[in-house]
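K.L.:
Input file: upload10.txt. Contents: compact mmCIF, C-alpha atoms.
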```
# COMPACT_ATOMS: atom_id res chain seq x y z
CA MET A 1 32.59 0.64 10.85
CA ARG A 2 30.24 3.14 9.24
CA LYS A 3 31.98 6.43 9.95
CA GLY A 4 29.12 8.57 8.63
CA ILE A 5 26.55 7.31 11.16
CA PRO A 6 26.32 9.15 14.49
CA ASN A 7 26.30 7.28 17.79
CA LEU A 8 22.98 5.47 18.32
CA ALA A 9 22.69 6.80 21.88
CA ALA A 10 23.01 10.36 20.59
CA LEU A 11 20.28 9.72 18.01
CA GLN A 12 17.95 8.33 20.68
CA VAL A 13 18.57 11.39 22.84
CA PHE A 14 17.96 13.72 19.90
CA GLU A 15 14.72 11.92 18.94
CA ALA A 16 13.35 12.23 22.47
CA ALA A 17 14.36 15.89 22.74
CA ALA A 18 12.84 16.63 19.32
CA ARG A 19 9.60 14.83 20.19
CA HIS A 20 9.18 16.78 23.43
CA GLU A 21 10.98 19.93 22.28
CA SER A 22 12.41 19.86 25.77
CA PHE A 23 15.77 18.70 27.08
CA THR A 24 14.30 18.33 30.55
CA ARG A 25 11.47 16.03 29.48
CA ALA A 26 13.83 14.03 27.29
CA ALA A 27 16.14 13.58 30.26
CA ASP A 28 13.25 12.35 32.40
CA GLU A 29 12.18 9.86 29.74
CA LEU A 30 15.69 8.48 29.23
CA ALA A 31 16.71 8.55 32.91
CA LEU A 32 19.55 10.97 32.18
CA THR A 33 20.52 14.34 33.54
CA GLN A 34 19.57 17.45 31.60
CA SER A 35 23.25 18.30 31.16
CA ALA A 36 23.86 14.86 29.64
CA VAL A 37 21.10 15.47 27.08
CA CYS A 38 22.55 18.90 26.29
CA ARG A 39 26.02 17.39 25.74
CA GLN A 40 24.68 14.62 23.48
CA VAL A 41 22.70 17.06 21.34
CA ALA A 42 25.60 19.52 21.13
CA ALA A 43 27.97 16.72 20.10
CA LEU A 44 25.50 15.57 17.43
CA GLU A 45 25.16 19.11 16.05
CA THR A 46 28.95 19.40 15.93
CA ARG A 47 29.20 16.05 14.16
CA LEU A 48 26.58 17.03 11.58
CA GLY A 49 27.68 20.64 11.20
CA VAL A 50 24.02 21.69 11.40
CA ALA A 51 22.02 23.39 14.15
CA LEU A 52 19.15 21.12 15.19
CA PHE A 53 17.66 23.34 17.90
CA LEU A 54 17.30 27.04 18.54
CA ARG A 55 17.94 27.95 22.19
CA ILE A 56 15.43 30.64 23.15
CA LYS A 57 15.89 31.64 26.79
CA LYS A 58 14.91 28.49 28.71
CA ARG A 59 13.20 26.85 25.74
CA VAL A 60 14.45 24.84 22.75
CA VAL A 61 12.76 24.85 19.35
CA LEU A 62 13.60 22.63 16.40
CA THR A 63 15.14 24.27 13.37
CA PRO A 64 13.72 23.29 9.95
CA HIS A 65 16.73 20.97 9.48
CA GLY A 66 16.18 19.54 12.94
CA ARG A 67 12.49 18.92 12.32
CA HIS A 68 13.16 17.06 9.05
CA TYR A 69 15.99 15.04 10.58
CA ALA A 70 13.83 14.12 13.57
CA VAL A 71 11.16 12.62 11.30
CA GLN A 72 13.74 10.51 9.46
CA ILE A 73 15.52 9.37 12.62
CA ARG A 74 12.21 8.46 14.28
CA LYS A 75 11.33 6.20 11.33
CA SER A 76 14.75 4.57 11.46
CA LEU A 77 14.60 3.96 15.21
CA GLU A 78 11.09 2.53 14.90
CA ARG A 79 12.32 0.16 12.18
CA ILE A 80 15.27 -0.94 14.33
CA GLU A 81 12.93 -1.54 17.27
CA ARG A 82 10.47 -3.50 15.13
CA ASP A 83 13.19 -5.65 13.59
CA THR A 84 14.68 -6.33 17.02
CA LEU A 85 11.33 -7.34 18.52
CA GLU A 86 10.60 -9.61 15.57
CA LEU A 87 13.96 -11.31 15.94
CA MET A 88 13.40 -11.76 19.67
CA ALA A 89 9.92 -13.16 19.03
CA GLN A 90 11.30 -15.68 16.56
CA ARG A 91 14.21 -16.44 18.94
CA GLY A 92 16.48 -16.69 15.95
CA VAL A 93 14.29 -19.26 14.20
CA GLY A 94 12.27 -18.51 11.07
CA ARG A 95 12.01 -15.49 8.82
CA VAL A 96 9.85 -12.43 8.33
CA LEU A 97 8.68 -11.35 4.87
CA GLU A 98 7.62 -7.74 4.41
CA LEU A 99 5.07 -7.83 1.59
CA ALA A 100 3.61 -4.76 -0.12
CA VAL A 101 0.13 -5.41 -1.51
CA VAL A 102 -2.73 -3.61 -3.21
CA PRO A 103 -5.56 -3.31 -0.68
CA THR A 104 -8.42 -5.22 -2.30
CA PHE A 105 -6.24 -8.17 -3.23
CA ALA A 106 -5.01 -8.28 0.37
CA SER A 107 -8.36 -8.02 2.12
CA GLN A 108 -10.52 -10.16 -0.15
CA TRP A 109 -8.15 -12.73 -1.65
CA LEU A 110 -4.87 -13.08 0.23
CA ILE A 111 -5.74 -12.68 3.91
CA PRO A 112 -8.55 -15.29 3.91
CA ARG A 113 -6.03 -17.78 2.52
CA LEU A 114 -3.02 -16.89 4.68
CA PRO A 115 -3.98 -19.29 7.50
CA GLN A 116 -3.20 -22.10 5.05
CA PHE A 117 0.31 -20.76 4.54
CA ARG A 118 0.79 -20.26 8.27
CA ALA A 119 -0.17 -23.89 8.88
CA LEU A 120 2.19 -25.00 6.11
CA ARG A 121 5.09 -22.75 7.13
CA PRO A 122 4.75 -21.56 10.74
CA ASP A 123 8.40 -20.47 10.62
CA ILE A 124 7.64 -17.69 8.10
CA THR A 125 5.82 -14.55 9.25
CA VAL A 126 4.23 -12.48 6.46
CA ASN A 127 3.71 -8.80 7.27
CA LEU A 128 1.39 -6.88 4.92
CA SER A 129 1.52 -3.18 4.06
CA ILE A 130 -0.60 -1.32 1.54
CA ARG A 131 0.96 0.26 -1.53
CA THR A 132 -1.19 1.44 -4.42
CA GLU A 133 1.59 2.96 -6.55
CA PRO A 134 4.84 1.52 -7.95
CA PHE A 135 7.96 1.97 -5.79
CA LEU A 136 11.65 1.09 -5.71
CA PHE A 137 12.60 -1.77 -3.43
CA SER A 138 15.89 0.01 -2.72
CA ASP A 139 13.95 2.90 -1.17
CA SER A 140 11.53 0.76 0.84
CA PRO A 141 11.54 -1.80 3.68
CA PHE A 142 9.77 -4.43 1.55
CA ASP A 143 11.07 -7.84 0.53
CA ALA A 144 8.41 -8.47 -2.12
CA ALA A 145 5.19 -7.06 -3.58
CA VAL A 146 1.88 -8.04 -5.13
CA TYR A 147 0.69 -5.34 -7.51
CA PHE A 148 -1.71 -4.79 -10.38
CA GLY A 149 -0.07 -4.30 -13.76
CA ARG A 150 0.88 -5.72 -17.13
CA SER A 151 4.43 -6.93 -16.61
CA VAL A 152 7.08 -7.76 -14.04
CA TRP A 153 8.81 -4.66 -12.68
CA PRO A 154 12.36 -4.04 -13.99
CA GLY A 155 15.07 -5.34 -11.69
CA THR A 156 12.78 -7.93 -10.13
CA GLN A 157 11.87 -11.56 -10.56
CA GLY A 158 8.36 -12.91 -10.25
CA ALA A 159 5.28 -14.22 -11.95
CA LEU A 160 1.71 -13.40 -12.94
CA LEU A 161 -0.69 -14.84 -10.37
CA PHE A 162 -3.82 -14.32 -12.45
CA GLN A 163 -5.41 -11.86 -14.86
CA GLU A 164 -8.29 -9.70 -13.77
CA GLY A 165 -10.54 -10.17 -16.79
CA ASN A 166 -13.39 -7.93 -17.96
CA ALA A 167 -14.72 -4.86 -16.20
CA VAL A 168 -18.40 -3.94 -16.63
CA PRO A 169 -20.46 -0.85 -15.84
CA VAL A 170 -22.28 -1.46 -12.54
CA CYS A 171 -24.52 0.56 -10.28
CA SER A 172 -27.06 0.27 -7.49
CA PRO A 173 -30.53 -0.94 -8.55
CA ALA A 174 -31.95 2.09 -6.75
CA LEU A 175 -30.15 4.36 -9.20
CA LEU A 176 -32.12 2.79 -12.05
CA ALA A 177 -35.48 2.77 -10.29
CA ASP A 178 -36.75 5.93 -11.98
CA CYS A 179 -35.05 5.70 -15.35
CA GLY A 180 -35.75 2.19 -16.59
CA PRO A 181 -33.49 0.19 -18.94
CA LEU A 182 -30.29 1.94 -19.96
CA THR A 183 -28.86 2.33 -23.41
CA ARG A 184 -25.22 3.17 -24.05
CA GLU A 185 -26.14 6.79 -24.78
CA ARG A 186 -28.21 7.16 -21.59
CA LEU A 187 -25.55 5.56 -19.42
CA VAL A 188 -22.87 8.05 -20.40
CA GLU A 189 -25.11 10.89 -19.20
CA MET A 190 -25.19 9.44 -15.68
CA PRO A 191 -22.61 10.25 -12.98
CA LEU A 192 -19.45 8.24 -13.61
CA LEU A 193 -17.28 7.10 -10.70
CA HIS A 194 -13.53 6.60 -11.10
CA LEU A 195 -10.75 4.69 -9.37
CA SER A 196 -7.72 6.95 -8.93
CA THR A 197 -5.26 4.17 -9.73
CA ARG A 198 -7.04 3.50 -13.05
CA PRO A 199 -7.78 7.02 -14.29
CA ASP A 200 -8.24 6.04 -17.95
CA ALA A 201 -10.73 3.20 -17.46
CA TRP A 202 -13.82 5.11 -18.56
CA ARG A 203 -11.94 6.75 -21.45
CA ASP A 204 -10.90 3.29 -22.65
CA TRP A 205 -14.51 2.10 -22.31
CA PHE A 206 -15.78 5.10 -24.33
CA ARG A 207 -13.28 4.44 -27.13
CA GLY A 208 -13.94 0.71 -27.09
CA HIS A 209 -17.68 1.19 -27.55
CA GLY A 210 -17.67 3.76 -30.30
CA LEU A 211 -17.97 6.96 -28.28
CA GLY A 212 -14.51 8.28 -29.15
CA GLU A 213 -12.78 11.03 -27.18
CA ASP A 214 -15.59 12.43 -25.06
CA ALA A 215 -15.12 14.88 -22.19
CA ARG A 216 -17.84 13.05 -20.26
CA ALA A 217 -15.45 10.13 -19.79
CA VAL A 218 -13.35 12.06 -17.25
CA ARG A 219 -16.16 13.70 -15.31
CA GLY A 220 -17.13 12.54 -11.85
CA PRO A 221 -15.48 11.91 -8.48
CA ARG A 222 -12.37 9.79 -8.02
CA TYR A 223 -11.69 7.36 -5.19
CA GLU A 224 -8.27 6.15 -4.10
CA LEU A 225 -9.30 2.67 -2.96
CA PHE A 226 -11.55 0.04 -4.51
CA THR A 227 -13.44 -0.27 -1.21
CA MET A 228 -14.26 3.45 -1.36
CA LEU A 229 -15.42 3.13 -4.96
CA SER A 230 -17.61 0.15 -4.01
CA SER A 231 -19.21 2.09 -1.16
CA ALA A 232 -20.00 4.97 -3.51
CA VAL A 233 -21.68 2.58 -5.96
CA PHE A 234 -23.72 0.94 -3.18
CA ALA A 235 -24.78 4.42 -2.03
CA GLY A 236 -26.22 5.15 -5.49
CA MET A 237 -23.74 7.90 -6.33
CA GLY A 238 -23.19 6.77 -9.90
CA VAL A 239 -21.92 4.09 -12.28
CA ALA A 240 -18.48 2.51 -11.96
CA LEU A 241 -16.41 0.13 -14.04
CA MET A 242 -15.68 -2.92 -11.90
CA PRO A 243 -14.05 -6.26 -12.73
CA GLU A 244 -16.65 -9.02 -12.92
CA ILE A 245 -14.51 -11.31 -10.77
CA LEU A 246 -14.68 -8.77 -7.94
CA ILE A 247 -18.44 -8.33 -7.85
CA ALA A 248 -19.89 -11.71 -8.85
CA ASP A 249 -21.55 -12.18 -5.44
CA GLU A 250 -23.02 -8.67 -5.45
CA LEU A 251 -24.46 -9.15 -8.94
CA ALA A 252 -25.88 -12.57 -8.06
CA SER A 253 -27.55 -11.23 -4.90
CA GLY A 254 -28.98 -8.19 -6.68
CA ARG A 255 -27.11 -5.69 -4.52
CA LEU A 256 -25.55 -4.39 -7.73
CA THR A 257 -26.69 -4.53 -11.31
CA ALA A 258 -24.83 -4.48 -14.62
CA PRO A 259 -27.24 -2.53 -16.85
CA LEU A 260 -25.28 -3.09 -20.08
CA ASP A 261 -23.45 -6.11 -21.42
CA MET A 262 -20.63 -3.91 -22.68
CA PRO A 263 -17.42 -4.99 -20.93
CA LEU A 264 -13.99 -3.41 -20.97
CA ALA A 265 -11.42 -6.14 -21.61
CA SER A 266 -8.16 -6.04 -19.67
CA ASP A 267 -4.89 -7.85 -20.13
CA ALA A 268 -3.60 -6.67 -16.74
CA GLY A 269 -3.33 -8.86 -13.70
CA TYR A 270 -1.79 -9.41 -10.26
CA TYR A 271 1.95 -10.05 -10.11
CA LEU A 272 4.11 -11.33 -7.27
CA VAL A 273 7.68 -9.99 -7.51
CA ALA A 274 10.82 -9.57 -5.46
CA PRO A 275 14.14 -7.84 -6.16
CA ASP A 276 16.92 -10.02 -7.50
CA ALA A 277 18.61 -10.08 -4.10
CA VAL A 278 15.52 -11.65 -2.47
CA ALA A 279 14.02 -13.71 -5.29
CA ASN A 280 16.01 -16.85 -4.49
CA ASP A 281 15.63 -16.63 -0.70
CA GLU A 282 13.84 -19.69 0.64
CA PRO A 283 11.00 -17.78 2.42
CA PHE A 284 10.06 -15.90 -0.77
CA VAL A 285 10.34 -19.07 -2.86
CA ALA A 286 8.05 -20.86 -0.40
CA LEU A 287 5.45 -18.06 -0.51
CA SER A 288 5.63 -17.87 -4.29
CA GLN A 289 5.17 -21.63 -4.75
CA TRP A 290 2.25 -21.66 -2.33
CA LEU A 291 0.48 -18.77 -4.07
CA MET A 292 0.97 -20.29 -7.49
CA SER A 293 -0.44 -23.59 -6.24
CA LEU A 294 -3.67 -21.80 -5.27
CA VAL A 295 -4.32 -20.08 -8.56
CA PRO A 296 -5.29 -23.12 -10.70
CA GLN A 297 -7.66 -24.27 -7.92
CA SER A 298 -9.47 -20.91 -7.74
CA SER A 299 -12.62 -20.41 -9.71
CA PRO A 300 -12.95 -17.21 -11.78
CA VAL A 301 -15.17 -15.79 -9.05
CA ASP A 302 -12.57 -16.49 -6.36
CA GLN A 303 -9.75 -14.97 -8.37
CA GLU A 304 -10.45 -11.42 -7.35
CA ALA A 305 -8.18 -8.54 -6.65
```
Will you turn the file into structure tokens for me?

P.N.:
Amino acid sequence: MRKGIPNLAALQVFEAAARHESFTRAADELALTQSAVCRQVAALETRLGVALFLRIKKRVVLTPHGRHYAVQIRKSLERIERDTLELMAQRGVGRVLELAVVPTFASQWLIPRLPQFRALRPDITVNLSIRTEPFLFSDSPFDAAVYFGRSVWPGTQGALLFQEGNAVPVCSPALLADCGPLTRERLVEMPLLHLSTRPDAWRDWFRGHGLGEDARAVRGPRYELFTMLSSAVFAGMGVALMPEILIADELASGRLTAPLDMPLASDAGYYLVAPDAVANDEPFVALSQWLMSLVPQSSPVDQEA
């Protein structure tokens, strides 16, 4: 028995009362009496040793501690509900994998291929959530992750799926309509667009092509997601560094142009990892083996993030 955890019924009552900031409305929602809600909340406050509500005449208002606790409890209750519904849906058969992924890899590479895995393993449900920054598995609900980097995360087991390859300066043809062919010197005077998760890309390109430490390398707007960066390039807002394997179709169709054959080489790639406690679980092993079987069959154009 976990002695530090309050009664689940009391937490449900508190969450409803906090959400409505009303004992009366919480009682209506939970089919309880108002006095029963008051007793549950009072018992929880006594248990915690912290005031969760301020009683102001006939109103109740969350204290700062109560407001923070309500957010955390709501997340926990939602997770319990989701896990319960998933178990009921599976009727005790099969497994669910919570997979954290970088967004472009998920939308343009993984999701189009997932029907193959579903046909192969209908007993395994793969839920996808976006994460663009590193995280600790111990502080998250995830079983595994696909991320962009240069090595396997400490405390995990996994493998490199594939490397990204070269990135090249690209822009909309409309942006070049009035300025003609670009030289290296002219390109660096144009608006440069940046991906927030790769803040040093243009600086690395400047150094790699003999421009040294130049303040122009950090100028220009930053975009959190690759899809946002792509939209900005299509809109003619500037020049971005994009991996060739991500934009082969756009370059072939003429929607984008690479004005200079001056790539930025990268040794980074997309890794699939899981914490040690999950790495040998059969569902993760099955997903890992299936993903690795796809990589040799993918052409360089298909192997995009």

K.L.:
Using atom CA of Asp143 of chain A and atom CA of Gly158 of chain A as the two end points, give the distance in Å to one decimal.

P.N.:
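Computed distance, atom CA of Asp143 of chain A to atom CA of Gly158 of chain A, equals 12.2 Å.
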
K.L.:
Give the answer as one residue: which of A:Val102, A:Val13, A:Ala159, A:Ala235 has the shortest atom-to-atom distance to Leu77 of chain A, using all atoms listed in the file?

P.N.:
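Selected residue with least distance to Leu77 of chain A: A:Val13.
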
K.L.:
Could you tell me how far atom CA of Leu110 of chain A lies from atom CA of Ile130 of chain A, in Å and to one decimal?

P.N.:
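Atom CA of Ile130 of chain A lies 12.6 Å from atom CA of Leu110 of chain A.
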
K.L.:
Put the listed atoms of segment 238-246 of chain A in a box along x, y and z with 5 Å added on every side and give me the centre and edge lengths in Å to one decimal, as AutoDock Vina command-line options.

P.N.:
```
--center_x -18.6 --center_y -2.3 --center_z -11.0 --size_x 19.1 --size_y 28.1 --size_z 16.1
```

K.L.:
Can you work out which one of A:Ala174, A:Ala258, A:Ala252, A:Ala215 has the shortest atom-to-atom distance to Phe234 of chain A, counting all atoms listed in the file?

P.N.:
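For Phe234 of chain A, the nearest of the given residues is A:Ala174.
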
K.L.:
Quick one: residues within 12 Å of Ala286 of chain A, all atoms listed in the file counted, chain neighbours fewer than 2 positions away excluded, as a ChimeraX atom specification?

P.N.:
/A:95,97,117-118,120-126,279-284,288-293

K.L.:
Please list as a ChimeraX atom specification every residue within 12 Å of Gln12 of chain A, counting all atoms listed in the file and excluding residues in the same chain fewer than 4 positions away.

P.N.:
/A:6-8,16-19,26-27,29-30,32,37,40-41,44,70,73-78,80-81

K.L.:
Show which residues sit within 10 Å of Ser172 of chain A, as a list in words. Count all atoms listed in the file, and ignore same-chain residues fewer than 3 positions away.

P.N.:
Leu175, Leu176, Ala177, Ala232, Val233, Phe234, Ala235, Gly236, Met237, Gly238, Val239, Ala240, Leu251, Gly254, Arg255, Leu256, Thr257, Ala258 and Pro259 of chain A

K.L.:
Would you put the residues from that selection into a file with C-alpha atoms, as a short mmCIF file (atom, residue, chain, number, x, y, z; two decimals), in the frame of the given file?

P.N.:
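Output file selection14.cif is given in full below:
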```
data_model
loop_
_atom_site.label_atom_id
_atom_site.label_comp_id
_atom_site.auth_asym_id
_atom_site.auth_seq_id
_atom_site.Cartn_x
_atom_site.Cartn_y
_atom_site.Cartn_z
CA LEU A 175 -30.15 4.36 -9.20
CA LEU A 176 -32.12 2.79 -12.05
CA ALA A 177 -35.48 2.77 -10.29
CA ALA A 232 -20.00 4.97 -3.51
CA VAL A 233 -21.68 2.58 -5.96
CA PHE A 234 -23.72 0.94 -3.18
CA ALA A 235 -24.78 4.42 -2.03
CA GLY A 236 -26.22 5.15 -5.49
CA MET A 237 -23.74 7.90 -6.33
CA GLY A 238 -23.19 6.77 -9.90
CA VAL A 239 -21.92 4.09 -12.28
CA ALA A 240 -18.48 2.51 -11.96
CA LEU A 251 -24.46 -9.15 -8.94
CA GLY A 254 -28.98 -8.19 -6.68
CA ARG A 255 -27.11 -5.69 -4.52
CA LEU A 256 -25.55 -4.39 -7.73
CA THR A 257 -26.69 -4.53 -11.31
CA ALA A 258 -24.83 -4.48 -14.62
CA PRO A 259 -27.24 -2.53 -16.85
#
```

K.L.:
Hey, what's within 12 Å of Met228 of chain A if we count only C-alpha atoms and toss same-chain stuff fewer than 2 positions away? As a ChimeraX atom specification, please?

P.N.:
/A:103-104,193-196,221-226,230-235,237,240

K.L.:
I'd like the contact shell of Asn127 of chain A - 8 Å cut-off, only C-alpha atoms, skipping same-chain residues fewer than 3 positions apart - returned as a list in words.

P.N.:
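Once the nearby chain positions are removed, what remains is Val96, Leu97, Glu98 and Leu99 of chain A.
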
K.L.:
Smallest atom-to-atom distance to Glu133 of chain A: which of A:Trp205, A:Ala42, A:Arg113, A:Arg198, using all atoms listed in the file?

P.N.:
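Of the candidates, the smallest distance to Glu133 of chain A is held by A:Arg198.
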
K.L.:
In Å to one decimal, how far is atom CA of Ala119 of chain A from atom CA of Arg131 of chain A?

P.N.:
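About the pair atom CA of Arg131 of chain A and atom CA of Ala119 of chain A: they are 26.3 Å apart.
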
K.L.:
Name the residues, using the chain letters and numbers of the file, that sit within 12 Å of (-17.3, -2.8, -23.5) when counting all atoms listed in the file, and give them as a PDB file with C-alpha atoms, in the coordinates of the input.

P.N.:
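New file selection_8.pdb:
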```pdb
ATOM      1  CA  ASN A 166     -13.390  -7.930 -17.960  1.00  0.00           C
ATOM      2  CA  ALA A 167     -14.720  -4.860 -16.200  1.00  0.00           C
ATOM      3  CA  VAL A 168     -18.400  -3.940 -16.630  1.00  0.00           C
ATOM      4  CA  PRO A 169     -20.460  -0.850 -15.840  1.00  0.00           C
ATOM      5  CA  ARG A 184     -25.220   3.170 -24.050  1.00  0.00           C
ATOM      6  CA  ALA A 201     -10.730   3.200 -17.460  1.00  0.00           C
ATOM      7  CA  TRP A 202     -13.820   5.110 -18.560  1.00  0.00           C
ATOM      8  CA  ARG A 203     -11.940   6.750 -21.450  1.00  0.00           C
ATOM      9  CA  ASP A 204     -10.900   3.290 -22.650  1.00  0.00           C
ATOM     10  CA  TRP A 205     -14.510   2.100 -22.310  1.00  0.00           C
ATOM     11  CA  PHE A 206     -15.780   5.100 -24.330  1.00  0.00           C
ATOM     12  CA  ARG A 207     -13.280   4.440 -27.130  1.00  0.00           C
ATOM     13  CA  GLY A 208     -13.940   0.710 -27.090  1.00  0.00           C
ATOM     14  CA  HIS A 209     -17.680   1.190 -27.550  1.00  0.00           C
ATOM     15  CA  GLY A 210     -17.670   3.760 -30.300  1.00  0.00           C
ATOM     16  CA  LEU A 211     -17.970   6.960 -28.280  1.00  0.00           C
ATOM     17  CA  LEU A 241     -16.410   0.130 -14.040  1.00  0.00           C
ATOM     18  CA  MET A 242     -15.680  -2.920 -11.900  1.00  0.00           C
ATOM     19  CA  PRO A 243     -14.050  -6.260 -12.730  1.00  0.00           C
ATOM     20  CA  ALA A 258     -24.830  -4.480 -14.620  1.00  0.00           C
ATOM     21  CA  PRO A 259     -27.240  -2.530 -16.850  1.00  0.00           C
ATOM     22  CA  LEU A 260     -25.280  -3.090 -20.080  1.00  0.00           C
ATOM     23  CA  ASP A 261     -23.450  -6.110 -21.420  1.00  0.00           C
ATOM     24  CA  MET A 262     -20.630  -3.910 -22.680  1.00  0.00           C
ATOM     25  CA  PRO A 263     -17.420  -4.990 -20.930  1.00  0.00           C
ATOM     26  CA  LEU A 264     -13.990  -3.410 -20.970  1.00  0.00           C
ATOM     27  CA  ALA A 265     -11.420  -6.140 -21.610  1.00  0.00           C
ATOM     28  CA  SER A 266      -8.160  -6.040 -19.670  1.00  0.00           C
TER      29      SER A 266
END
```

K.L.:
I'd like to know which of A:Pro191, A:Phe135, A:Pro112, A:Gln163 is closest to Phe148 of chain A, using only C-alpha atoms.

P.N.:
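Smallest separation from Phe148 of chain A among the options: A:Gln163.
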
K.L.:
Given all atoms listed in the file as the basis, pick out the residue of A:Glu15, A:Asp267, A:Asp214, A:Asp276 nearest to Gly66 of chain A.

P.N.:
A:Glu15

K.L.:
Out of A:Ser22, A:Ile247, A:Ser35, A:Ser138, which residue has the shortest atom-to-atom distance to Gly155 of chain A when counting all atoms listed in the file?

P.N.:
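So, comparing all the options, the nearest one is A:Ser138.
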
K.L.:
Can you sort out segment 227-238 of chain A so it carries N, CA and C atoms, written as an mmCIF file, keeping the file's coordinate frame?

P.N.:
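So the final result, stored in out_23.cif, reads:
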```cif
data_model
loop_
_atom_site.group_PDB
_atom_site.id
_atom_site.type_symbol
_atom_site.label_atom_id
_atom_site.label_comp_id
_atom_site.auth_asym_id
_atom_site.auth_seq_id
_atom_site.Cartn_x
_atom_site.Cartn_y
_atom_site.Cartn_z
ATOM 1 N N THR A 227 -12.387 -0.198 -2.221
ATOM 2 C CA THR A 227 -13.440 -0.270 -1.210
ATOM 3 C C THR A 227 -14.237 1.032 -1.152
ATOM 4 N N MET A 228 -13.559 2.159 -1.344
ATOM 5 C CA MET A 228 -14.260 3.450 -1.360
ATOM 6 C C MET A 228 -15.143 3.560 -2.591
ATOM 7 N N LEU A 229 -14.629 3.115 -3.734
ATOM 8 C CA LEU A 229 -15.420 3.130 -4.960
ATOM 9 C C LEU A 229 -16.654 2.242 -4.803
ATOM 10 N N SER A 230 -16.486 1.065 -4.216
ATOM 11 C CA SER A 230 -17.610 0.150 -4.010
ATOM 12 C C SER A 230 -18.673 0.788 -3.129
ATOM 13 N N SER A 231 -18.248 1.443 -2.059
ATOM 14 C CA SER A 231 -19.210 2.090 -1.160
ATOM 15 C C SER A 231 -19.991 3.172 -1.882
ATOM 16 N N ALA A 232 -19.315 3.921 -2.749
ATOM 17 C CA ALA A 232 -20.000 4.970 -3.510
ATOM 18 C C ALA A 232 -21.036 4.377 -4.451
ATOM 19 N N VAL A 233 -20.722 3.236 -5.071
ATOM 20 C CA VAL A 233 -21.680 2.580 -5.960
ATOM 21 C C VAL A 233 -22.880 2.082 -5.154
ATOM 22 N N PHE A 234 -22.626 1.424 -4.017
ATOM 23 C CA PHE A 234 -23.720 0.940 -3.180
ATOM 24 C C PHE A 234 -24.618 2.085 -2.713
ATOM 25 N N ALA A 235 -24.014 3.265 -2.499
ATOM 26 C CA ALA A 235 -24.780 4.420 -2.030
ATOM 27 C C ALA A 235 -25.566 5.096 -3.143
ATOM 28 N N GLY A 236 -25.449 4.586 -4.385
ATOM 29 C CA GLY A 236 -26.220 5.150 -5.490
ATOM 30 C C GLY A 236 -25.656 6.431 -6.055
ATOM 31 N N MET A 237 -24.338 6.652 -5.885
ATOM 32 C CA MET A 237 -23.740 7.900 -6.330
ATOM 33 C C MET A 237 -23.424 7.926 -7.817
ATOM 34 N N GLY A 238 -23.473 6.765 -8.481
ATOM 35 C CA GLY A 238 -23.190 6.770 -9.900
ATOM 36 C C GLY A 238 -22.875 5.378 -10.415
#
```
